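Text of target37.txt (compact mmCIF, C-alpha atoms) as supplied:
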# COMPACT_ATOMS: atom_id res chain seq x y z
CA MET L 7 24.92 0.62 -11.16
CA SER L 8 24.98 -2.39 -8.89
CA PRO L 9 21.78 -4.45 -8.79
CA GLU L 10 22.53 -5.23 -5.13
CA ILE L 11 22.30 -1.53 -4.29
CA ASP L 12 19.16 -1.12 -6.45
CA ASP L 13 17.64 -3.93 -4.47
CA ALA L 14 18.75 -2.61 -1.07
CA ILE L 15 17.37 0.85 -1.85
CA LEU L 16 13.93 -0.45 -2.78
CA THR L 17 13.80 -2.82 0.19
CA SER L 18 14.83 -0.01 2.55
CA THR L 19 12.16 2.22 1.04
CA ILE L 20 9.47 -0.40 1.77
CA ASP L 21 10.73 -0.87 5.33
CA ALA L 22 10.86 2.87 5.98
CA LEU L 23 7.40 3.40 4.42
CA SER L 24 5.91 0.82 6.76
CA GLU L 25 7.54 2.42 9.78
CA VAL L 26 7.28 6.16 9.23
CA GLY L 27 4.90 6.55 6.29
CA PHE L 28 5.33 8.62 3.16
CA GLN L 29 5.62 11.94 4.95
CA GLY L 30 8.18 10.68 7.46
CA LEU L 31 10.33 9.01 4.81
CA SER L 32 13.54 10.77 3.77
CA ILE L 33 15.98 9.92 1.01
CA ALA L 34 18.82 10.22 3.53
CA GLU L 35 17.21 7.63 5.80
CA VAL L 36 16.61 5.24 2.88
CA ALA L 37 20.26 5.62 1.85
CA ARG L 38 21.41 4.97 5.41
CA ARG L 39 19.27 1.82 5.73
CA ALA L 40 20.48 0.57 2.35
CA GLY L 41 24.12 1.07 3.33
CA SER L 42 24.35 3.54 0.46
CA THR L 43 24.48 7.31 0.01
CA THR L 44 22.00 10.08 -0.77
CA PRO L 45 23.65 10.85 -4.16
CA ALA L 46 23.46 7.15 -5.06
CA VAL L 47 19.70 7.23 -4.45
CA TYR L 48 19.29 10.46 -6.45
CA ARG L 49 21.23 8.94 -9.36
CA ARG L 50 18.40 6.39 -9.60
CA PHE L 51 15.32 8.42 -8.64
CA ALA L 52 14.59 12.10 -9.19
CA ASN L 53 12.62 12.49 -5.97
CA LYS L 54 10.86 10.74 -3.11
CA ALA L 55 7.66 10.19 -5.09
CA GLU L 56 9.55 8.32 -7.85
CA LEU L 57 11.46 6.24 -5.32
CA VAL L 58 8.27 5.26 -3.48
CA GLN L 59 6.47 4.49 -6.73
CA ALA L 60 9.30 2.18 -7.84
CA ALA L 61 9.39 0.40 -4.48
CA VAL L 62 5.61 -0.10 -4.44
CA THR L 63 5.61 -1.36 -8.04
CA ARG L 64 8.32 -3.92 -7.27
CA GLU L 65 6.42 -5.02 -4.17
CA MET L 66 3.29 -5.63 -6.25
CA ASP L 67 5.23 -7.56 -8.90
CA GLY L 68 6.21 -9.96 -6.12
CA LEU L 69 2.61 -10.77 -5.23
CA PRO L 70 1.41 -14.21 -6.28
CA GLY L 71 -1.08 -14.35 -9.14
CA ASP L 72 -3.57 -17.12 -9.78
CA VAL L 73 -3.86 -20.01 -7.35
CA ALA L 74 -3.23 -23.37 -9.06
CA ASP L 75 -6.12 -25.83 -9.37
CA GLN L 76 -6.48 -27.62 -6.02
CA GLY L 77 -9.03 -30.12 -7.31
CA THR L 78 -12.16 -28.88 -5.52
CA LEU L 79 -13.95 -25.58 -5.01
CA ARG L 80 -13.34 -25.75 -1.26
CA ALA L 81 -9.61 -26.39 -1.68
CA ASP L 82 -9.38 -23.65 -4.32
CA LEU L 83 -11.09 -21.16 -2.00
CA LEU L 84 -8.86 -22.09 0.91
CA GLY L 85 -5.74 -21.82 -1.22
CA TRP L 86 -6.87 -18.45 -2.53
CA LEU L 87 -7.69 -17.09 0.93
CA THR L 88 -4.36 -18.35 2.25
CA ALA L 89 -2.50 -16.65 -0.61
CA ILE L 90 -4.34 -13.37 -0.01
CA SER L 91 -3.68 -13.58 3.71
CA GLN L 92 0.02 -14.18 3.08
CA SER L 93 0.15 -11.29 0.59
CA LEU L 94 -1.71 -8.67 2.61
CA THR L 95 0.69 -8.76 5.55
CA PRO L 96 0.50 -6.38 8.51
CA GLN L 97 3.57 -4.61 7.08
CA ARG L 98 1.75 -3.99 3.80
CA THR L 99 -1.30 -2.67 5.63
CA ARG L 100 1.03 -0.23 7.40
CA ILE L 101 2.46 0.79 4.03
CA LEU L 102 -1.05 1.47 2.73
CA SER L 103 -1.86 3.44 5.88
CA GLY L 104 1.29 5.48 5.55
CA LEU L 105 0.51 6.20 1.89
CA LEU L 106 -3.06 7.18 2.76
CA MET L 107 -1.73 9.81 5.16
CA ALA L 108 0.42 11.38 2.42
CA ALA L 109 -0.73 14.87 1.59
CA ASP L 110 -0.99 14.18 -2.16
CA PRO L 111 -4.68 13.87 -3.09
CA GLU L 112 -3.82 12.19 -6.40
CA ASN L 113 -1.76 9.59 -4.53
CA ALA L 114 -0.39 7.68 -7.51
CA PRO L 115 0.96 4.75 -5.45
CA ILE L 116 -2.44 4.06 -3.86
CA VAL L 117 -4.20 4.28 -7.21
CA ASP L 118 -1.72 1.73 -8.61
CA ILE L 119 -2.11 -0.55 -5.62
CA ARG L 120 -5.90 -0.31 -5.88
CA ASP L 121 -5.91 -1.19 -9.59
CA HIS L 122 -3.49 -4.04 -9.01
CA LEU L 123 -5.44 -5.51 -6.08
CA ARG L 124 -8.75 -5.19 -7.94
CA ARG L 125 -7.34 -6.95 -10.99
CA MET L 126 -5.69 -9.71 -8.93
CA SER L 127 -8.80 -10.35 -6.81
CA HIS L 128 -11.01 -10.40 -9.85
CA GLU L 129 -8.75 -12.76 -11.80
CA GLY L 130 -8.29 -15.13 -8.87
CA TRP L 131 -12.01 -15.20 -8.18
CA THR L 132 -12.96 -15.65 -11.82
CA SER L 133 -10.68 -18.64 -12.31
CA ILE L 134 -11.92 -20.31 -9.12
CA VAL L 135 -15.52 -19.89 -10.25
CA ARG L 136 -14.70 -21.04 -13.78
CA ARG L 137 -13.01 -24.21 -12.54
CA ALA L 138 -15.85 -24.99 -10.13
CA THR L 139 -18.35 -24.48 -12.93
CA SER L 140 -16.46 -26.82 -15.26
CA ARG L 141 -16.28 -29.45 -12.47
CA GLY L 142 -20.06 -29.14 -12.04
CA GLU L 143 -19.76 -27.77 -8.50
CA LEU L 144 -21.33 -24.44 -9.49
CA ARG L 145 -23.88 -23.47 -12.10
CA ALA L 146 -23.01 -20.98 -14.81
CA ASP L 147 -26.48 -19.48 -14.66
CA PRO L 148 -27.28 -17.66 -12.47
CA ALA L 149 -23.70 -16.48 -12.13
CA PRO L 150 -22.37 -16.92 -8.59
CA PRO L 151 -22.08 -13.71 -6.54
CA ASP L 152 -18.76 -11.87 -6.67
CA LEU L 153 -17.16 -12.32 -3.27
CA SER L 154 -13.71 -11.35 -4.45
CA ARG L 155 -13.37 -8.24 -2.29
CA ILE L 156 -14.32 -9.85 1.02
CA PRO L 157 -11.06 -11.60 1.97
CA GLY L 158 -8.85 -8.57 1.39
CA GLY L 159 -11.25 -6.38 3.34
CA LEU L 160 -11.30 -8.69 6.32
CA ILE L 161 -7.56 -9.22 6.33
CA VAL L 162 -6.58 -5.57 5.94
CA SER L 163 -9.10 -4.31 8.49
CA ARG L 164 -7.79 -6.79 11.06
CA ALA L 165 -4.25 -5.56 10.53
CA LEU L 166 -5.47 -1.97 10.80
CA LEU L 167 -6.87 -2.82 14.24
CA LEU L 168 -3.64 -4.58 15.28
CA GLU L 169 -5.34 -7.96 15.33
CA PRO L 170 -3.19 -10.99 14.43
CA PRO L 171 -3.62 -12.42 10.92
CA MET L 172 -6.28 -15.11 10.50
CA ASP L 173 -4.97 -18.60 11.21
CA VAL L 174 -5.81 -21.71 9.16
CA THR L 175 -8.84 -22.52 11.32
CA GLU L 176 -10.30 -19.04 10.81
CA LEU L 177 -9.67 -19.19 7.08
CA GLU L 178 -11.43 -22.57 6.94
CA GLU L 179 -14.37 -21.15 8.91
CA LEU L 180 -14.61 -18.31 6.43
CA VAL L 181 -14.71 -20.78 3.55
CA ASP L 182 -17.23 -23.09 5.21
CA ALA L 183 -19.52 -20.53 6.85
CA VAL L 184 -19.50 -17.74 4.29
CA PHE L 185 -18.04 -18.55 0.89
CA LEU L 186 -19.36 -22.04 0.23
CA PRO L 187 -22.88 -21.32 1.55
CA ALA L 188 -23.17 -18.11 -0.46
CA LEU L 189 -21.94 -19.84 -3.61
CA MET L 190 -24.03 -22.95 -3.08
CA ALA L 191 -27.15 -20.92 -2.36
CA ALA L 192 -26.72 -19.11 -5.65
CA ALA L 193 -26.12 -22.43 -7.41
CA THR L 194 -29.19 -24.18 -6.02
CA SER L 195 -31.88 -21.53 -6.16
CA THR L 196 -33.22 -19.64 -9.11
CA SER L 197 -34.67 -16.85 -7.05
CA ALA L 198 -34.40 -15.25 -3.64
CA PRO L 199 -35.65 -17.34 -0.72
CA GLU L 200 -39.38 -17.08 -0.19
CA SER L 201 -39.04 -15.31 3.15
CA THR L 202 -37.13 -12.42 1.62
CA LYS L 203 -38.57 -12.11 -1.87
CA GLU L 204 -41.65 -10.19 -0.88
CA ASN L 205 -39.53 -7.45 0.67
CA SER L 206 -37.29 -6.79 -2.30
CA MET Q 23 -13.58 25.66 31.80
CA SER Q 24 -15.85 26.41 28.88
CA PRO Q 25 -17.58 23.39 27.31
CA GLU Q 26 -17.39 25.15 23.94
CA ILE Q 27 -13.59 25.13 24.16
CA ASP Q 28 -13.57 21.50 25.41
CA ASP Q 29 -15.62 20.64 22.37
CA ALA Q 30 -13.50 22.65 19.94
CA ILE Q 31 -10.29 21.07 21.25
CA LEU Q 32 -11.56 17.51 20.79
CA THR Q 33 -13.01 18.27 17.35
CA SER Q 34 -9.73 19.88 16.27
CA THR Q 35 -7.83 16.86 17.55
CA ILE Q 36 -9.95 14.54 15.40
CA ASP Q 37 -9.51 16.76 12.36
CA ALA Q 38 -5.75 17.01 12.85
CA LEU Q 39 -5.41 13.26 13.47
CA SER Q 40 -7.15 12.51 10.19
CA GLU Q 41 -4.91 14.93 8.32
CA VAL Q 42 -1.44 14.48 9.81
CA GLY Q 43 -1.70 11.35 11.98
CA PHE Q 44 -0.61 10.85 15.56
CA GLN Q 45 3.03 11.61 14.94
CA GLY Q 46 2.34 14.77 12.98
CA LEU Q 47 -0.15 16.12 15.51
CA SER Q 48 1.04 18.89 17.86
CA ILE Q 49 -0.72 20.45 20.82
CA ALA Q 50 0.07 23.88 19.38
CA GLU Q 51 -1.68 22.99 16.11
CA VAL Q 52 -4.72 21.63 17.94
CA ALA Q 53 -4.90 24.84 20.01
CA ARG Q 54 -4.64 26.95 16.86
CA ARG Q 55 -7.40 25.03 15.08
CA ALA Q 56 -9.61 25.24 18.17
CA GLY Q 57 -9.13 29.00 18.40
CA SER Q 58 -7.56 28.42 21.80
CA THR Q 59 -4.07 28.36 23.31
CA THR Q 60 -1.48 25.73 24.15
CA PRO Q 61 -1.78 26.34 27.94
CA ALA Q 62 -5.56 25.94 27.67
CA VAL Q 63 -5.06 22.51 26.10
CA TYR Q 64 -2.48 21.52 28.73
CA ARG Q 65 -4.87 22.56 31.51
CA ARG Q 66 -7.18 19.82 30.24
CA PHE Q 67 -4.78 17.11 29.06
CA ALA Q 68 -1.34 16.21 30.44
CA ASN Q 69 0.06 15.23 27.04
CA LYS Q 70 -0.70 14.36 23.43
CA ALA Q 71 -1.56 10.73 24.23
CA GLU Q 72 -4.24 11.77 26.72
CA LEU Q 73 -5.66 14.35 24.35
CA VAL Q 74 -5.88 11.82 21.50
CA GLN Q 75 -7.38 9.18 23.76
CA ALA Q 76 -10.10 11.60 24.90
CA ALA Q 77 -10.90 12.66 21.34
CA VAL Q 78 -11.10 9.05 20.12
CA THR Q 79 -13.30 8.04 23.07
CA ARG Q 80 -15.72 10.89 22.38
CA GLU Q 81 -15.79 9.96 18.70
CA MET Q 82 -16.74 6.37 19.56
CA ASP Q 83 -19.45 7.49 21.98
CA GLY Q 84 -21.06 9.26 19.05
CA LEU Q 85 -21.36 6.07 16.99
CA PRO Q 86 -24.87 4.66 16.64
CA GLY Q 87 -25.60 1.45 18.53
CA ASP Q 88 -28.24 -1.11 17.63
CA VAL Q 89 -30.32 -0.67 14.50
CA ALA Q 90 -34.04 -0.55 15.27
CA ASP Q 91 -36.29 -3.37 14.06
CA GLN Q 92 -37.04 -2.75 10.38
CA GLY Q 93 -39.61 -5.53 10.15
CA THR Q 94 -37.70 -8.04 7.99
CA LEU Q 95 -34.27 -9.63 7.94
CA ARG Q 96 -33.46 -7.97 4.63
CA ALA Q 97 -34.44 -4.52 5.86
CA ASP Q 98 -32.56 -5.06 9.13
CA LEU Q 99 -29.42 -6.08 7.24
CA LEU Q 100 -29.66 -3.11 4.92
CA GLY Q 101 -30.21 -0.71 7.83
CA TRP Q 102 -27.27 -2.21 9.69
CA LEU Q 103 -24.94 -2.01 6.65
CA THR Q 104 -26.03 1.56 6.02
CA ALA Q 105 -25.33 2.52 9.65
CA ILE Q 106 -21.88 0.88 9.51
CA SER Q 107 -21.11 2.59 6.23
CA GLN Q 108 -22.13 5.95 7.66
CA SER Q 109 -20.05 5.35 10.79
CA LEU Q 110 -16.85 4.12 9.17
CA THR Q 111 -16.28 7.25 7.13
CA PRO Q 112 -13.18 7.89 5.04
CA GLN Q 113 -12.10 10.41 7.70
CA ARG Q 114 -12.26 7.73 10.39
CA THR Q 115 -10.28 5.30 8.24
CA ARG Q 116 -7.62 8.01 7.96
CA ILE Q 117 -7.66 8.42 11.74
CA LEU Q 118 -7.12 4.68 12.15
CA SER Q 119 -4.32 4.78 9.59
CA GLY Q 120 -2.68 7.69 11.37
CA LEU Q 121 -2.93 5.90 14.71
CA LEU Q 122 -1.50 2.70 13.22
CA MET Q 123 1.59 4.64 12.12
CA ALA Q 124 2.16 5.90 15.68
CA ALA Q 125 5.36 4.51 17.13
CA ASP Q 126 3.70 3.23 20.31
CA PRO Q 127 3.40 -0.58 20.07
CA GLU Q 128 0.80 -0.69 22.87
CA ASN Q 129 -1.32 1.83 20.96
CA ALA Q 130 -4.09 2.34 23.52
CA PRO Q 131 -6.41 4.26 21.15
CA ILE Q 132 -6.39 1.44 18.56
CA VAL Q 133 -6.99 -1.20 21.22
CA ASP Q 134 -9.98 0.79 22.47
CA ILE Q 135 -11.32 1.29 18.94
CA ARG Q 136 -10.89 -2.40 18.21
CA ASP Q 137 -12.76 -3.46 21.35
CA HIS Q 138 -15.50 -0.95 20.67
CA LEU Q 139 -15.96 -1.98 17.02
CA ARG Q 140 -15.93 -5.68 17.92
CA ARG Q 141 -18.57 -5.17 20.59
CA MET Q 142 -20.75 -3.00 18.37
CA SER Q 143 -20.57 -5.36 15.37
CA HIS Q 144 -21.29 -8.36 17.55
CA GLU Q 145 -24.26 -6.71 19.28
CA GLY Q 146 -25.75 -5.42 16.04
CA TRP Q 147 -25.36 -8.78 14.35
CA THR Q 148 -26.74 -10.73 17.30
CA SER Q 149 -29.89 -8.67 17.53
CA ILE Q 150 -30.52 -8.93 13.77
CA VAL Q 151 -30.17 -12.71 13.92
CA ARG Q 152 -32.31 -12.93 17.07
CA ARG Q 153 -35.12 -10.91 15.49
CA ALA Q 154 -34.98 -12.93 12.27
CA THR Q 155 -35.12 -16.14 14.26
CA SER Q 156 -38.12 -15.00 16.25
CA ARG Q 157 -39.85 -13.98 13.01
CA GLY Q 158 -39.20 -17.46 11.61
CA GLU Q 159 -36.91 -16.18 8.86
CA LEU Q 160 -33.89 -18.00 10.30
CA ARG Q 161 -33.52 -21.18 12.30
CA ALA Q 162 -31.93 -21.14 15.74
CA ASP Q 163 -30.20 -24.46 15.06
CA PRO Q 164 -27.80 -24.62 13.33
CA ALA Q 165 -26.85 -21.09 14.36
CA PRO Q 166 -26.37 -18.81 11.35
CA PRO Q 167 -22.75 -17.98 10.49
CA ASP Q 168 -21.27 -14.87 12.07
CA LEU Q 169 -20.87 -12.35 9.25
CA SER Q 170 -20.51 -9.37 11.56
CA ARG Q 171 -16.96 -8.48 10.57
CA ILE Q 172 -17.51 -8.43 6.82
CA PRO Q 173 -19.16 -5.00 6.34
CA GLY Q 174 -16.56 -3.10 8.37
CA GLY Q 175 -13.76 -4.87 6.54
CA LEU Q 176 -15.16 -4.04 3.12
CA ILE Q 177 -15.93 -0.43 4.01
CA VAL Q 178 -12.60 0.35 5.68
CA SER Q 179 -10.52 -1.35 2.99
CA ARG Q 180 -12.28 0.67 0.29
CA ALA Q 181 -11.49 3.89 2.12
CA LEU Q 182 -7.89 2.76 2.53
CA LEU Q 183 -7.68 2.40 -1.25
CA LEU Q 184 -9.30 5.82 -1.82
CA GLU Q 185 -12.42 4.25 -3.29
CA PRO Q 186 -15.70 6.09 -2.73
CA PRO Q 187 -18.03 4.70 -0.04
CA MET Q 188 -20.52 2.05 -1.17
CA ASP Q 189 -23.76 3.54 -2.43
CA VAL Q 190 -27.24 2.18 -1.68
CA THR Q 191 -27.18 -0.09 -4.74
CA GLU Q 192 -23.89 -1.65 -3.69
CA LEU Q 193 -25.11 -2.14 -0.13
CA GLU Q 194 -28.25 -3.82 -1.46
CA GLU Q 195 -26.16 -6.08 -3.68
CA LEU Q 196 -24.08 -7.07 -0.66
CA VAL Q 197 -27.24 -7.96 1.25
CA ASP Q 198 -28.82 -9.88 -1.64
CA ALA Q 199 -25.75 -11.62 -3.06
CA VAL Q 200 -23.78 -12.36 0.10
CA PHE Q 201 -25.61 -11.93 3.39
CA LEU Q 202 -29.03 -13.37 2.62
CA PRO Q 203 -27.71 -16.35 0.62
CA ALA Q 204 -25.16 -17.25 3.31
CA LEU Q 205 -27.80 -16.98 6.04
CA MET Q 206 -30.46 -18.80 4.07
CA ALA Q 207 -28.06 -21.58 3.09
CA ALA Q 208 -27.25 -22.16 6.74
CA ALA Q 209 -30.96 -22.17 7.55
CA THR Q 210 -31.87 -24.72 4.88
CA SER Q 211 -28.73 -26.84 4.61
CA THR Q 212 -29.87 -29.91 6.61
CA SER Q 213 -33.18 -30.72 4.87
CA ALA Q 214 -35.08 -28.72 7.42
CA PRO Q 215 -38.88 -28.92 7.57
CA GLU Q 216 -40.61 -25.93 6.08
CA SER Q 217 -40.94 -23.12 8.55
CA THR Q 218 -44.32 -23.35 10.25
CA LYS Q 219 -44.29 -19.68 10.98
CA GLU Q 220 -45.53 -17.13 8.48
CA ASN Q 221 -43.18 -14.31 7.65
CA SER Q 222 -44.74 -10.94 8.03

Could you render the structure as structure tokens?
Amino acid sequence: MSPEIDDAILTSTIDALSEVGFQGLSIAEVARRAGSTTPAVYRRFANKAELVQAAVTREMDGLPGDVADQGTLRADLLGWLTAISQSLTPQRTRILSGLLMAADPENAPIVDIRDHLRRMSHEGWTSIVRRATSRGELRADPAPPDLSRIPGGLIVSRALLLEPPMDVTELEELVDAVFLPALMAAATSTSAPESTKENS
Amino acid sequence: MSPEIDDAILTSTIDALSEVGFQGLSIAEVARRAGSTTPAVYRRFANKAELVQAAVTREMDGLPGDVADQGTLRADLLGWLTAISQSLTPQRTRILSGLLMAADPENAPIVDIRDHLRRMSHEGWTSIVRRATSRGELRADPAPPDLSRIPGGLIVSRALLLEPPMDVTELEELVDAVFLPALMAAATSTSAPESTKENS
């Protein structure tokens, strides 16, 4: 089988998923978009669920992993937020939305995406914190709070509301107004601020 | 026209939207779910877009507004996060997803939802910060960072990934590890004099 056709079929599946969702997607439409034929798709995938799973898996393999050391905590955070913002595109939010509307309550593609995103966010966050700790920018104890889920949440929810992606200025504001203060507060205080402690 | 039928039609529209999305929704199906008839729906709404718009508007009117003063910044934040979590249910994330997949690029319902959520988050956040400032828990200058979009983003993105809603412990962790440190860091970052006001 031709790798070009393999590639075109998976790319067409992603495009169709983002436009019509899982329920609206048909093998015939994927074949048409790929410049191929329905039997050619069925030679590769037994059914729509397998086709979608393969396309989603390939899409996740293309996501960037760890962000390289940028020299400072601030630069690492900005690089990480930028990478997440570039990964969680409006098209990918549409794909997630379309998968969510699928009737299948097990929803294997979403479970895979969830596990993948969790692992990626956690790994990216952990290495940023580890590098900042070894540079002396953060303390190891108490451990800094885990903020790894915040960027993805903000980015995906904006796309869900048809807002444009965050630009560089907004990403910098997020680093400077939220991430660095929260991390620095944890690094410079051994307990909750006086004004809040009594209410805990 | 009977208000009971009005009510049943809008409720059925919301239910159908969350199950099959905008494109999958039919007036006939809404009528069936409402125990009514297609002509009865058309007597009220000219088309599917108007029906959906009315159902979404009613749904937003039912969202809680400001959180009442809970006495402390921490309690206010927790009450606000809890209210947001209870408002942005998994069903409503599905409705948003279904609307996002609608072919209409203008997408009036999403634009309305976006404006409504922005306004609500901003108002809730502003009154929490204002109360904390007047209690002496936060300083007015520099203004605390705007964290109003974070809870909705986290809550909706979890629902999009089929994760269960955050429980009380997780909401408390978010307040204690993210919100309070970020706010307190902003309030103490420029070697401020100790607050002269006692916190109650």

Checklist entry - Pairing every Cα of chain Q with chain L in order, what RMSD remains after the least-squares superposition? => result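 The fitted C-alpha deviation between chain L and chain Q is 5.5 Å.
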
Next on the checklist: Please list as a ChimeraX atom specification every residue within 10 Å of Gly30 in chain L, counting all atoms listed in the file and excluding residues in the same chain fewer than 4 positions away.
Outcome noted: /L:22-23,25-26,35,104,108 /Q:45-46

Next on the checklist: I want to know what sits within 10 Å of range 58-62 of chain Q, based on all atoms listed in the file, with residues of the same chain fewer than 3 positions away left out; could you give that as a list of chain:residue names?
Outcome noted: Q:Met23, Q:Ile27, Q:Asp28, Q:Ala30, Q:Ile31, Q:Ser48, Q:Ile49, Q:Ala50, Q:Glu51, Q:Val52, Q:Ala53, Q:Arg54, Q:Arg55, Q:Arg65, Q:Arg66, Q:Phe67

Checklist entry - What separation in Å, quoted to one decimal, exists between CA of Ser143 in chain Q and CA of Asp198 in chain Q? => result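 So the two atoms, CA of Ser143 in chain Q and CA of Asp198 in chain Q, lie 19.4 Å apart.
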
Checklist entry - Within 7 Å of chain Q, which residues of chain L show up when using all atoms listed in the file, listed as a PyMOL selection string? => result chain L and resi 25-27+100+102-104+106-107+116+120+151+156+159-160+162-163+166-167+183-184+187-188+191-192+201-202

Item to check | Straight-line distance linking CA of Leu94 in chain L with CA of Ser170 in chain Q, stated in Å to one decimal | outcome: 20.8 Å

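Going from CA of Gly130 in chain L over to CA of Ala146 in chain L, you cover 16.9 Å.
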
Using the file's own x, y and z axes, so that the box edges lie along x, y and z, what centre and edge lengths in Å (one decimal) does a box around every listed atom of range 118-125 of chain Q get when 5 Å is added on each side? Give it as lines of an AutoDock Vina configuration file.
center_x = -0.9
center_y = 5.2
center_z = 13.4
size_x = 22.5
size_y = 15.0
size_z = 17.5

Write out all heavy atoms for range 71-77 of chain L, as a PDB file, in the coordinates of the input.
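The new file rebuild-v3.pdb reads:
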ATOM      1  N   GLY L  71       0.081 -14.540  -8.282  1.00  0.00           N
ATOM      2  CA  GLY L  71      -1.080 -14.350  -9.140  1.00  0.00           C
ATOM      3  C   GLY L  71      -2.134 -15.402  -8.841  1.00  0.00           C
ATOM      4  O   GLY L  71      -2.498 -15.620  -7.704  1.00  0.00           O
ATOM      5  N   ASP L  72      -2.557 -16.081  -9.900  1.00  0.00           N
ATOM      6  CA  ASP L  72      -3.570 -17.120  -9.780  1.00  0.00           C
ATOM      7  C   ASP L  72      -3.149 -18.244  -8.841  1.00  0.00           C
ATOM      8  O   ASP L  72      -1.975 -18.602  -8.777  1.00  0.00           O
ATOM      9  CB  ASP L  72      -3.773 -17.740 -11.163  1.00  0.00           C
ATOM     10  CG  ASP L  72      -5.115 -17.341 -11.719  1.00  0.00           C
ATOM     11  OD1 ASP L  72      -5.742 -16.453 -11.135  1.00  0.00           O
ATOM     12  OD2 ASP L  72      -5.520 -17.927 -12.741  1.00  0.00           O
ATOM     13  N   VAL L  73      -4.124 -18.814  -8.146  1.00  0.00           N
ATOM     14  CA  VAL L  73      -3.860 -20.010  -7.350  1.00  0.00           C
ATOM     15  C   VAL L  73      -4.068 -21.227  -8.262  1.00  0.00           C
ATOM     16  O   VAL L  73      -5.060 -21.292  -8.991  1.00  0.00           O
ATOM     17  CB  VAL L  73      -4.807 -20.048  -6.138  1.00  0.00           C
ATOM     18  CG1 VAL L  73      -4.699 -21.370  -5.414  1.00  0.00           C
ATOM     19  CG2 VAL L  73      -4.504 -18.882  -5.211  1.00  0.00           C
ATOM     20  N   ALA L  74      -3.127 -22.174  -8.217  1.00  0.00           N
ATOM     21  CA  ALA L  74      -3.230 -23.370  -9.060  1.00  0.00           C
ATOM     22  C   ALA L  74      -4.465 -24.195  -8.658  1.00  0.00           C
ATOM     23  O   ALA L  74      -4.935 -24.109  -7.528  1.00  0.00           O
ATOM     24  CB  ALA L  74      -1.975 -24.211  -8.913  1.00  0.00           C
ATOM     25  N   ASP L  75      -4.954 -24.971  -9.604  1.00  0.00           N
ATOM     26  CA  ASP L  75      -6.120 -25.830  -9.370  1.00  0.00           C
ATOM     27  C   ASP L  75      -5.840 -26.801  -8.222  1.00  0.00           C
ATOM     28  O   ASP L  75      -4.891 -27.577  -8.265  1.00  0.00           O
ATOM     29  CB  ASP L  75      -6.410 -26.611 -10.668  1.00  0.00           C
ATOM     30  CG  ASP L  75      -7.759 -27.332 -10.607  1.00  0.00           C
ATOM     31  OD1 ASP L  75      -8.267 -27.582  -9.492  1.00  0.00           O
ATOM     32  OD2 ASP L  75      -8.291 -27.644 -11.688  1.00  0.00           O
ATOM     33  N   GLN L  76      -6.672 -26.743  -7.184  1.00  0.00           N
ATOM     34  CA  GLN L  76      -6.480 -27.620  -6.020  1.00  0.00           C
ATOM     35  C   GLN L  76      -7.432 -28.815  -6.062  1.00  0.00           C
ATOM     36  O   GLN L  76      -7.483 -29.574  -5.100  1.00  0.00           O
ATOM     37  CB  GLN L  76      -6.732 -26.829  -4.728  1.00  0.00           C
ATOM     38  CG  GLN L  76      -5.941 -25.545  -4.597  1.00  0.00           C
ATOM     39  CD  GLN L  76      -4.451 -25.807  -4.373  1.00  0.00           C
ATOM     40  OE1 GLN L  76      -4.076 -26.579  -3.516  1.00  0.00           O
ATOM     41  NE2 GLN L  76      -3.608 -25.166  -5.183  1.00  0.00           N
ATOM     42  N   GLY L  77      -8.208 -28.929  -7.137  1.00  0.00           N
ATOM     43  CA  GLY L  77      -9.030 -30.120  -7.310  1.00  0.00           C
ATOM     44  C   GLY L  77     -10.493 -29.952  -6.922  1.00  0.00           C
ATOM     45  O   GLY L  77     -11.361 -30.596  -7.498  1.00  0.00           O
TER      46      GLY L  77
END
